[in-house]
Structures are given as structure tokens and as C-alpha cells.
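Note sheet for the following structure.
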Number of protein chains: 2
Amino acid sequence: MSSSTHADRIRATGARATPARLAVLRLLESADRALSHHDVETALDGTGIDRVTLYRVLDWMVEAGLAHRVTDAQRVFRFSIANAASPTHSAHAHFRCDACGKVFCLDDIPATPPALPRGFASRAVELCVTGHCDRCKQEDSAPAAQTNKD
Amino acid sequence: MSSSTHADRIRATGARATPARLAVLRLLESADRALSHHDVETALDGTGIDRVTLYRVLDWMVEAGLAHRVTDAQRVFRFSIANAASPTHSAHAHFRCDACGKVFCLDDIPATPPALPRGFASRAVELCVTGHCDRCKQEDSAPAAQTNKD
DNA sequence: CGCAATAACGCAACATTGTTGCAGGAGCAA
DNA sequence: TTGCTCCTGCAACAATGTTGCGTTATTGCG
């Protein structure tokens with residue numbers, strides 16, 4: 001059963017498999033993009049899970065290595081599931097759509113070697129591309145529907 | 001006089017040369033890194049310039065092309081003077097120190113052409129490197145002073 | 001120079017996003 | 001089942017940024 005797999009993955013980190021953690025883990029896993037706290041809150045509306053609990057679960061997921069956290073240009077944190085295949089995300093890339101505001105993970109980036117000033121030590125590199133996603137680009141040509149802001 | 005040059009640069013954008021704009025323009029120009037609103041507020045403390053005015057001046061500077069705005073990992077906006085030599089900042093790079101939190105502009109970056117999914121259109125690329133700056137790296141070896149958070 | 005138009009300011013209140021403290025409830029092991 | 005402890009829910013708070021509105025002051029013009 002998929003549920004027990006999720007619970008096991010949570011317990012494998014030494015934490016307890018609670019409904020909130022299961023729900024967020026499943027949600028992030030099924031998402032094709034990085035979700036903000038607000039996205040998660042909306043998606044899990046009706047489950048009775050508290051706002052603060054979501055913040056804590058998301059923080060825990062990052063700490064446990066189950067998720068990545070990025071800061072988008074609107075000064076909100078966004079969370080994406082951590083791929084077990086790419087454990088070290090020292091270099092990570094994202095795409096943010098100017099039109100709909102959604103953030104997508106770009107996995108295959110050329111690990112850009114940054115030229116730093118003398119004495120500077122690099123730990124991680126984040127690359128963020130902005131523009132229009134495929135859906136919004138199509139709507140540019142045919143300005144019918146407006147999918148702005150989720 | 002340098003002052004009149006600043007005022008002229010402001011008026012050249014069609015705006016009025018007010019004390020707040022002059023002060024912020026001079027401050028950003030003399031800064032060797034990107035300043036947050038809080039940095040600016042602290043630096044201009046005692047001038048009687050209002051918090052909201054600073055927000056408005058900073059926004060105006062970005063709109064007028066006199067400054068760049070970046071969002072750092074702590075979800076705060078930071079502002080750096082726009083170099084007249086590099087008018088198009090479609091590709092911009094920054095370095096954020098994990099220890100002291102300061103953000104530096106890296107001007108010479110290899111404009112990495114990112115491989116986007118089909119249908120995605122790129123408008124701008126932002127590259128953010130995190131790690132330790134030269135000063136904090138030195139203090140790593142000799143843990144005497146603590147320059148954390150300004 | 002003095003005046004009028006209006007851009008810009010200051011103040012207060014509000015919005016959004018995230019954090020902290022604490023008492024009670026729930027997951028897990030024995 | 002029981003108990004330990006982690007986790008949750010609630011409320012209050014903190015940080016950052018925005019909006020509305022009446023007042024001030026910059027600037028062009030007579």
C-alpha cells in the first residue's frame with residue numbers, strides 16, 4: 001500500500017507518522033511544481049490541519065531532507081519534494097512564471113561554476129529563471145482565460 | 001558638485017529631486033552590496049525620513065531603472081544601484097553570505113542558457129550563490145569577533 | 001520673486017507571511 | 001493497555017511590505 005510506504009518513509013527519519021505529515025508528503029509528491037504554504041493550506045483545506053502545523057511540517061520536511069525550500073521573488077517560501085535520486089541539491093534551478101506565479105523545478109541544470117571574488121567560498125548555487133510557462137505562453141497568443149495567481 | 005549631479009539624474013527620470021531620493025540614491029551608490037529596506041532605514045536614521053517613504057523611494061528607483069531589486073533567502077527585498085554600464089540586467093548574479101547575511105552583486109557571470117521544458121519562455125535569469133564571504137571565512141578560522149546580521 | 005499645480009511625504013491602519021509559547025492530544029514502544 | 005514524549009491547536013506576536021488620505025514642498029511659469 002502506498003500509504004504505508006509513506007508512513008515508513010516518515011518513520012525512517014525518526015519522526016512519527018502523523019496525518020498532517022502524511023498529507024503534506026503525499027501532496028508535495030503529487031505536485032508538479034513547488035508549492036507555497038498557502039498552496040498547501042488551500043489544498044488541505046477541510047482536513048482540519050492547523051496553519052501553524054503546516055509551517056512546522058514543511059520545516060520538518062526540509063530538515064529531514066524530504067523536501068527542498070526555495071524563496072521566490074514574491075518573498076514566499078516554496079517547497080518541493082526532494083528527489084531521492086538527487087540527494088545533494090547544492091545546485092538547484094527553478095522557473096517562475098511571471099503570469100501565473102507558479103514555480104517549477106528544473107532538474108537538469110548545468111552546474112554553473114560561479115566566478116566569485118577572492119576569499120569567497122561557495123556552498124550552494126541557486127538558479128532562478130523567470131518568464132512564461134507553456135500554459136501562459138499559449139494564453140499570450142489567445143488572450144481568453146486568465147489563470148493569474150493560481 | 002556631486003549633489004547637483006544626483007539631483008539632475010533624478011530629474012532626468014521626470015521625477016522631483018527630494019531629500020529622500022537624494023539620500024537613498026547616494027547611499028545605494030556608495031554601498032558595496034545590496035541593501036535591504038532595513039539597512040537603508042538604519043543608515044538614514046536621524047534624517048526624519050519616513051519608513052513608508054523609503055519603501056516608495058526604493059520602488060521608484062527600481063521603476064526608474066536606477067536600482068535593481070532582488071529577493072534574498074530570508075524573504076526580504078534588497079536593492080543595489082543600477083550600473084549605467086549594464087543597462088539590461090536580464091542576467092544578474094548575487095552572493096549571499098550564510099554567516100553575516102550580506103548580499104553582494106556579482107557582475108561578471110556567465111549568462112547561463114538554461115534548458116527549459118518545451119513551451120517555456122525565458123525572460124530573465126537570476127543566479128544566487130550562497131556561502132561565506134571573505135570576511136566571514138577569515139573569522140571561521142579565527143572565531144573571535146562575530147559579525148552576524150550586520 | 002511669488003504663485004499655483006501636483007508630485008511626494010508623513011502618519012496611521014492594514015495585509016501577508018512566518019514564528020513562539022504553552023497546554024492538551026496522539027503515536028509508538030513496552 | 002499504559003506511559004513517555006512528540007506533535008498539534010490555539011492565540012499571540014514579529015517582520016516585512018502596502019494602502020488611504022490629508023498635508024507639505026518641488027518645480028515650472030507669469
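Following the order of the C-alpha cells, chains are lettered A, B, ..., residues in each are numbered from 1, and ligands are numbered from 1.
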
Could you please select, counting only C-alpha atoms (C1' of nucleotides), the residues of chain B within 10 Å of chain D and state them as a JSON list (two decimals) with N, CA and C atoms, in the first residue's frame?
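Result went into part11.json, see below:
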```json
[["chain", "number", "residue", "atom", "x", "y", "z"],
["B", 15, "ALA", "N", 11.19, 62.84, -12.40],
["B", 15, "ALA", "CA", 10.73, 62.93, -11.02],
["B", 15, "ALA", "C", 11.33, 64.14, -10.33],
["B", 16, "ARG", "N", 10.83, 64.43, -9.16],
["B", 16, "ARG", "CA", 11.35, 65.57, -8.40],
["B", 16, "ARG", "C", 12.51, 65.14, -7.51],
["B", 17, "ALA", "N", 13.46, 66.04, -7.39],
["B", 17, "ALA", "CA", 14.63, 65.74, -6.58],
["B", 17, "ALA", "C", 14.36, 66.09, -5.13],
["B", 18, "THR", "N", 13.92, 65.11, -4.39],
["B", 18, "THR", "CA", 13.59, 65.35, -2.99],
["B", 18, "THR", "C", 14.73, 64.84, -2.10],
["B", 37, "HIS", "N", 15.63, 47.18, 2.89],
["B", 37, "HIS", "CA", 14.94, 48.36, 3.39],
["B", 37, "HIS", "C", 15.41, 48.69, 4.81],
["B", 38, "HIS", "N", 15.62, 47.65, 5.59],
["B", 38, "HIS", "CA", 16.06, 47.86, 6.96],
["B", 38, "HIS", "C", 17.45, 48.51, 6.99],
["B", 52, "VAL", "N", 7.70, 54.51, 5.27],
["B", 52, "VAL", "CA", 6.92, 54.30, 4.05],
["B", 52, "VAL", "C", 7.55, 55.04, 2.88],
["B", 55, "TYR", "N", 10.21, 52.92, 1.41],
["B", 55, "TYR", "CA", 9.65, 51.89, 0.54],
["B", 55, "TYR", "C", 9.30, 52.48, -0.82],
["B", 56, "ARG", "N", 8.67, 53.64, -0.78],
["B", 56, "ARG", "CA", 8.23, 54.24, -2.04],
["B", 56, "ARG", "C", 9.43, 54.69, -2.88],
["B", 75, "ARG", "N", 13.60, 36.13, 2.54],
["B", 75, "ARG", "CA", 12.40, 36.74, 2.02],
["B", 75, "ARG", "C", 12.31, 38.24, 2.27],
["B", 76, "VAL", "N", 13.43, 38.92, 2.09],
["B", 76, "VAL", "CA", 13.41, 40.38, 2.12],
["B", 76, "VAL", "C", 13.95, 40.89, 0.79],
["B", 77, "PHE", "N", 13.43, 42.06, 0.40],
["B", 77, "PHE", "CA", 13.91, 42.68, -0.82],
["B", 77, "PHE", "C", 15.23, 43.39, -0.55]]
```

- Could you please select, counting only C-alpha atoms, the residues of chain A within 10 Å of chain B and state them as a ChimeraX atom specification? /A:69-77,90-91,93-98,104,106-138

For the residues in that selection, give me C-alpha atoms as a JSON list (two decimals), in the first residue's frame.
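The new file result.json reads:
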```json
[["chain", "number", "residue", "atom", "x", "y", "z"],
["A", 69, "ARG", "CA", 12.82, 25.05, 0.19],
["A", 70, "VAL", "CA", 13.23, 27.97, -2.17],
["A", 71, "THR", "CA", 12.39, 31.63, -1.81],
["A", 72, "ASP", "CA", 10.53, 33.03, -4.74],
["A", 73, "ALA", "CA", 10.54, 36.61, -5.96],
["A", 74, "GLN", "CA", 7.32, 37.38, -4.08],
["A", 75, "ARG", "CA", 9.17, 36.71, -0.83],
["A", 76, "VAL", "CA", 7.35, 33.49, -0.04],
["A", 77, "PHE", "CA", 8.84, 30.11, 0.67],
["A", 90, "SER", "CA", 23.77, 22.04, -3.81],
["A", 91, "ALA", "CA", 22.82, 23.26, -7.25],
["A", 93, "ALA", "CA", 17.18, 25.51, -10.52],
["A", 94, "HIS", "CA", 13.67, 26.83, -10.68],
["A", 95, "PHE", "CA", 11.42, 28.51, -13.16],
["A", 96, "ARG", "CA", 8.88, 31.06, -12.04],
["A", 97, "CYS", "CA", 6.12, 32.15, -14.37],
["A", 98, "ASP", "CA", 5.56, 35.89, -14.40],
["A", 104, "PHE", "CA", 8.61, 24.71, -11.45],
["A", 106, "LEU", "CA", 14.28, 22.38, -13.35],
["A", 107, "ASP", "CA", 16.31, 19.35, -12.53],
["A", 108, "ASP", "CA", 18.81, 19.26, -15.32],
["A", 109, "ILE", "CA", 20.82, 22.40, -14.99],
["A", 110, "PRO", "CA", 24.40, 22.91, -16.00],
["A", 111, "ALA", "CA", 26.11, 23.26, -12.62],
["A", 112, "THR", "CA", 27.34, 26.74, -13.33],
["A", 113, "PRO", "CA", 30.77, 27.38, -11.89],
["A", 114, "PRO", "CA", 30.40, 30.86, -10.45],
["A", 115, "ALA", "CA", 33.34, 33.22, -10.55],
["A", 116, "LEU", "CA", 33.50, 34.56, -7.03],
["A", 117, "PRO", "CA", 35.63, 37.36, -5.67],
["A", 118, "ARG", "CA", 38.78, 36.33, -3.84],
["A", 119, "GLY", "CA", 38.19, 34.91, -0.40],
["A", 120, "PHE", "CA", 34.58, 33.96, -1.05],
["A", 121, "ALA", "CA", 33.55, 30.36, -0.53],
["A", 122, "SER", "CA", 30.58, 28.88, -2.35],
["A", 123, "ARG", "CA", 28.26, 26.46, -0.61],
["A", 124, "ALA", "CA", 25.23, 26.29, -2.86],
["A", 125, "VAL", "CA", 24.08, 27.75, -6.15],
["A", 126, "GLU", "CA", 20.52, 28.64, -6.95],
["A", 127, "LEU", "CA", 19.39, 29.47, -10.39],
["A", 128, "CYS", "CA", 16.03, 31.06, -10.97],
["A", 129, "VAL", "CA", 14.66, 31.67, -14.43],
["A", 130, "THR", "CA", 11.61, 33.87, -14.89],
["A", 131, "GLY", "CA", 9.37, 34.11, -17.90],
["A", 132, "HIS", "CA", 6.19, 32.50, -19.11],
["A", 133, "CYS", "CA", 5.33, 28.86, -18.69],
["A", 134, "ASP", "CA", 3.91, 26.81, -21.52],
["A", 135, "ARG", "CA", 0.32, 27.36, -20.50],
["A", 136, "CYS", "CA", 0.60, 31.12, -20.01],
["A", 137, "LYS", "CA", 2.59, 31.50, -23.21],
["A", 138, "GLN", "CA", -0.25, 29.92, -25.13]]
```

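Here is the contact set of chain C against chain B, at 10 Å and counting only C-alpha atoms (C1' of nucleotides): DA7, DA8, DC9, DG10, DC11 and DT17 of chain C.
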